[in-house]
Amino acid sequence: MDSTPGFSAARPVWPVGRETRMNDFVGFRAIIARPAAGPVLLRFTTPYIAKVLLNGAFLAYGPARAAHGHYRVDEIDLTPRLRAGDNVLAVEVAGYNVNSYYFLDQPSFFLAEVLAGTQVLAATGRGADFTVLDLPERIRNVQRYSFQRPFSEVYHLRPGCHAWRSGAQPGEQPLACTVFPLPRLLPRRVPYPQYGVVQPLRVQAEGGFVRGDLPEKPWRDRSLTAISPILKGFPEHELAWIPSLEYQRFRFALQECARPYAPDQELPLHDGRALTLDLGSNRTGFLGFHVRVRRPTRLIVALDEVLQEDGSIHIGRIDVTAVPSWDLEPGEYAIETFEPYTLRVLRLCVPSGDCAVTRVQLRDYAAPAPAARLVTSDPELNAVIDAAVETARQNAVDLFYDDPSRERAGWLCDAFFQARAWFDLTGSTAVEHAFLENLLLAPEPFPNLPEGEIPGAYPADFYEGLHIPQWPMYLVLQLEEYRQRSGHDALVEAFAGKIGRFFAFLARHRNADGLLERLPGWNFIEWSVVNDCMQDVNYPTNLLYAAALDAAARTWRRPEWAQQAAQVRAAVLHQSWDGEFFVDNAVRVDGVLRPTRNRTECGQYFAFWLGLATPDSHPQLWQRVLGQLGPTRDAQTTLPEIHPANALIGYLVRFELLARHGLNAQLLAEMKAYYARMAARTGTLWEHNDLRASACQGFASHVVTWMLHAVLGIERVDPAARQIVLRPQPIPLAWVDARLPLPGGELELRWRQEGAPGMRQITVPAGWRVVEQAGATPG
């Protein structure tokens with residue numbers, strides 16, 4: 001749906017006086033009589049999130065996110081699910097009303113309309129079409145899920161509490177609502193998830209546990225301890241109970257069993273019993289199960305992307321309260337979480353009570369599986385490709401975000417790399433369009449940020465004033481590439497003023513050499529020692545600045561920006577080259593700028609990536625980059641004075657350099673060595689070299705794009721010219737089969753190694769052509 005949506009009769013509503021209430025949870029119910037002819041459509045939007053059920057069965061979750069003061073409209077076809085006669089449409093709606101990097105802190109409302117053709121069957125704000133109910137089973141005063149996301153989930157369920165979703169009219173008094181004016185609406189633009197269901201592969205372990213004292217230093221996240229006007233939530237003394245602390249009291253004595261999981265077999269759990277289930281790989285979605293409760297039971301479920309080597313689940317590993325919890329009165333319940341979680345393993349714990357659990361599942365909440373297919377003769381490489389695709393899916397539901405668990409935040413920089421991969425996988429820029437449209441509509445000046453600064457993640461609120469001045473530089477690079485991918489000139493041109501104001505903000509921090517010095521904010525290049533070398537003048541930052549100036553000069557026809565870029569590069573080259581390596585920064589001593597001896601792996605990569613150096617201009621350093629640096633280096637013995645890089649983004653840039661210079665065999669070998677262990681452990685790709693943070697980080701999906709370069713030899717796909725440029729290179733694979741979506745059809749490529757240069761079959765859609773160029777000379 002790309003046209004501007006509208007509502008015929010509906011108006012936004014919310015219970016009187018509760019539109020700014022934290023962690024509000026409200027039900028909207030309408031009776032829909034199936035008309036003689038369809039289709040029957042539900043349109044809805046809300047500032048936060050809603051789960052739609054029809055006759056008690058899950059139907060949809062949305063809407064897609066938008067900028068401040070704008071709201072995207074989801075449109076769901078009810079027709080295939082409608083039964084004859086009356087149908088119960090039930091919608092659970094959250095009104096979080098706290099700042100986060102996931103949802104914006106805006107007053108709650110729900111706007112919905114059900115239509116059969118032009119006939120409005122039900123509309124919010126029109127009489128009694130929708131019954132509005134309080135849903136007290138979700139406990140309000142609980143801790144946040146994380147610093148970056150709103151509230152965790154804690155419930156108290158009683159028999160019949162879910163009957164309103166599918167049964168007779170509930171007995172409780174409906175809530176009176178305030179009716180609000182229509183807001184500014186936007187189309188969803190992006191595809192809907194398919195909500196497939198997966199079940200655990202195995203029962204990994206089971207046994208008992210006892211409740212003891214808290215550890216000497218329990219994990220107490222800032223989302224629990226730092227509640228204030230700049231991190232909204234409930235202070236600790238107001239919380240009903242704290243599952244994250246309760247779980248840390250448990251001392252487990254589980255025995256590994258690793259037996260296949262049988263969904264219909266009851267898993268009995270009672271006082272001090274627990275079991276661990278394994279999905280087999282990292283997935284994102286809504287955890288569900290059936291539970292039969294014999295006596296009052298407390299059920300705590302701990303979730304994580306990895307099982308620790310000692311068999312434990314460390315809930316604080318990435319600073320999230322991934323312990324949804326339920327107090328259950330005797331009865332039977334079909335339970336599904338309201339919020340999505342990312343997990344490979346889950347542990348069901350019953351500190352008190354008696355129950356039996358069946359039909360554990362995860363309802364997939366990710367973008368639809370891309371049409372692209374890339375299979376090679378190397379199974380380990382195929383596993384890396386599959387992990388990259390799965391990582392991409394889980395981070396592209398409604399926009400590009402960094403990880404699907406801790407944050408779900410639309411970070412710049414990450415999106416620059418994600419957009420490339422998602423276009424290669426889908427042939428579409430719809431998700432990228434929505435991501436960029438949100439940024440374009442972001443308020444200016446942005447609250448709590450310096451004038452001209454662009455938020456580093458969006459939609460998000462930064463009450464604490466956090467901003468990363470390097471991140472909007474990636475936005476400039478992305479806009480140039482987006483225009484080439486999409487041909488959408490109007491959206492790119494609309495950014496001209498915003499980018500100009502951003503450069504004006506940066507210009508206020510240029511020194512006499514034209515270099516950025518002492519930039520305000522959280523200065524960030526990558527997760528490594530690089531970030532300790534940021535002030536006073538950081539050379540990788542200035543190279544990124546020069547690249548953004550050049551891209552902006554080309555995109556918006558501003559030659560003076562290209563002149564500034566040349567000045568920046570010349571100054572960086574003069575100051576940062578020490579005759580052996582490029583140093584990372586210079587500090588001002590007694591008014592004089594003095595280069596340091598800080599030298600990092602990432603800094604060398606930036607120099608070659610961003611045009612400061614070439615294999616010809618710095619051949620000795622280039623050979624060191626190729627032969628001595630990289631993810632397999634032992635930094636204790638090989639160039640120990642060069643601080644190692646990390647996944648975000650040093651090794652990303654390294655692999656980009658190998659692809660750019662046609663070093664395909666080395667690229668494949670290094671990527672396999674680096675990513676295969678991640679694919680084997682979680683089935684997704686990680687934020688760091690290790691598991692200290694997210695194990696499903698969107699930027700890492702860029703592996704797909706390198707595979708196209710290295711395996712298929714695709715130099716460029718140009719939708720505007722309907723042209724595919726191939727630059728094949730020798731690779732150590734016996735065969736490759738690939739299918740890539742393109743506007744108007746698909747590219748199919750089969751390659752077999754039967755002597756040099758091998759046999760290739762290429763099929764492209766009508767109107768497309770293939771241009772083959774000679775392979776680049778390896779650097």
# chains A, B, ... in the order shown; residues from 1 in each chain; ligands from 1

$ closest_atom_pairs --of "stretch 126-214 of chain A" --to "stretch 364-374 of chain A" --cutoff "12 Å" --atoms "only C-alpha atoms" --output "JSON lines"
{"residue": "A:Val190", "atom": "CA", "partner": "A:Ala367", "partner_atom": "CA", "distance": 9.0}
{"residue": "A:Pro191", "atom": "CA", "partner": "A:Ala367", "partner_atom": "CA", "distance": 7.3}
{"residue": "A:Tyr192", "atom": "CA", "partner": "A:Ala367", "partner_atom": "CA", "distance": 7.0}
{"residue": "A:Pro193", "atom": "CA", "partner": "A:Ala367", "partner_atom": "CA", "distance": 5.2}
{"residue": "A:Gln194", "atom": "CA", "partner": "A:Pro368", "partner_atom": "CA", "distance": 6.1}
{"residue": "A:Tyr195", "atom": "CA", "partner": "A:Asp364", "partner_atom": "CA", "distance": 4.8}
{"residue": "A:Gly196", "atom": "CA", "partner": "A:Asp364", "partner_atom": "CA", "distance": 5.2}
{"residue": "A:Val197", "atom": "CA", "partner": "A:Asp364", "partner_atom": "CA", "distance": 5.9}
{"residue": "A:Val198", "atom": "CA", "partner": "A:Asp364", "partner_atom": "CA", "distance": 7.3}
{"residue": "A:Gln199", "atom": "CA", "partner": "A:Asp364", "partner_atom": "CA", "distance": 10.4}

$ write_last_selection --atoms "N, CA and C atoms" --output "CSV table (one decimal), in the first residue's frame"
chain,number,residue,atom,x,y,z
A,190,VAL,N,6.1,-1.2,3.4
A,190,VAL,CA,6.9,-2.5,3.5
A,190,VAL,C,6.1,-3.7,3.5
A,191,PRO,N,6.6,-4.9,3.1
A,191,PRO,CA,5.8,-6.1,3.1
A,191,PRO,C,5.4,-6.5,4.6
A,192,TYR,N,4.4,-7.3,4.7
A,192,TYR,CA,4.0,-7.8,6.0
A,192,TYR,C,4.7,-9.1,6.3
A,193,PRO,N,5.0,-9.3,7.6
A,193,PRO,CA,5.6,-10.6,8.0
A,193,PRO,C,4.6,-11.8,7.6
A,194,GLN,N,5.1,-13.0,7.6
A,194,GLN,CA,4.3,-14.1,7.3
A,194,GLN,C,3.9,-14.9,8.5
A,195,TYR,N,4.5,-14.7,9.6
A,195,TYR,CA,4.2,-15.2,10.9
A,195,TYR,C,4.1,-16.7,11.0
A,196,GLY,N,5.1,-17.4,10.3
A,196,GLY,CA,5.2,-18.8,10.4
A,196,GLY,C,5.6,-19.3,11.8
A,197,VAL,N,5.3,-20.5,12.1
A,197,VAL,CA,5.5,-21.0,13.4
A,197,VAL,C,6.6,-22.1,13.4
A,198,VAL,N,7.5,-22.0,14.4
A,198,VAL,CA,8.6,-23.0,14.5
A,198,VAL,C,8.5,-23.5,16.0
A,199,GLN,N,8.9,-24.8,16.1
A,199,GLN,CA,8.9,-25.4,17.5
A,199,GLN,C,10.3,-25.8,17.9

$ residues_around --residues "stretch 617-629 of chain A" --least-positions-apart "3" --cutoff "9 Å" --atoms "only C-alpha atoms" --output "list in words"
Glu580, Phe581, Glu601, Gln604, Tyr605, Phe608, Ala613, Thr614, Thr632, Arg633, Asp634, Ala635, Thr638, Leu639, Ile642, Pro644, Arg654, Leu658, Gln666 and Gly779 of chain A

$ write_last_selection --atoms "C-alpha atoms" --output "compact mmCIF listing (two decimals), in the first residue's frame"
# COMPACT_ATOMS: atom_id res chain seq x y z
CA GLU A 580 55.01 3.18 8.41
CA PHE A 581 51.33 3.37 9.39
CA GLU A 601 43.91 -1.87 12.43
CA GLN A 604 44.59 1.47 8.25
CA TYR A 605 41.44 0.06 6.66
CA PHE A 608 42.40 2.62 1.95
CA ALA A 613 45.75 5.63 0.28
CA THR A 614 45.89 3.14 -2.59
CA THR A 632 42.98 -14.45 12.04
CA ARG A 633 45.96 -12.40 13.25
CA ASP A 634 47.45 -13.16 16.63
CA ALA A 635 47.69 -9.58 17.86
CA THR A 638 52.05 -10.07 14.91
CA LEU A 639 52.17 -6.26 14.82
CA ILE A 642 48.49 -2.17 15.94
CA PRO A 644 42.92 -5.13 16.59
CA ARG A 654 38.49 -5.02 5.44
CA LEU A 658 39.23 -7.37 -0.52
CA GLN A 666 41.26 -14.41 0.16
CA GLY A 779 45.98 -5.33 -5.30

$ residues_around --residues "A:Thr429" --least-positions-apart "4" --cutoff "7 Å" --atoms "only C-alpha atoms" --output "PDB file with C-alpha atoms, in the first residue's frame"
ATOM      1  CA  PHE A 423      18.428  -4.870  -2.179  1.00  0.00           C
ATOM      2  CA  HIS A 433      12.472   4.029   1.481  1.00  0.00           C
ATOM      3  CA  SER A 486      15.944   3.093  -6.621  1.00  0.00           C
TER       4      SER A 486
END

$ select_by_dssp --residues "stretch 527-618 of chain A" --states "strand (DSSP E or B)" --output "ChimeraX atom specification"
/A:537-538,577,582,585-589,592-595,600

$ atom_distance --atom1 "atom CA of A:Val537" --atom2 "atom CA of A:Leu593"
8.3 Å

$ atom_distance --atom1 "atom CA of A:His574" --atom2 "atom CA of A:Asn511"
15.1 Å

$ residues_around --residues "A:Pro540" --least-positions-apart "2" --cutoff "8 Å" --atoms "only C-alpha atoms" --output "list in words"
Ile525, Asn538, Asn542, Leu543, Leu544, Asp584, Gly603, Phe606 and Ala607 of chain A

$ closest_residue --among "A:Trp561, A:Phe44, A:Phe103, A:Tyr474" --to "A:Asp74" --atoms "only C-alpha atoms"
A:Phe44
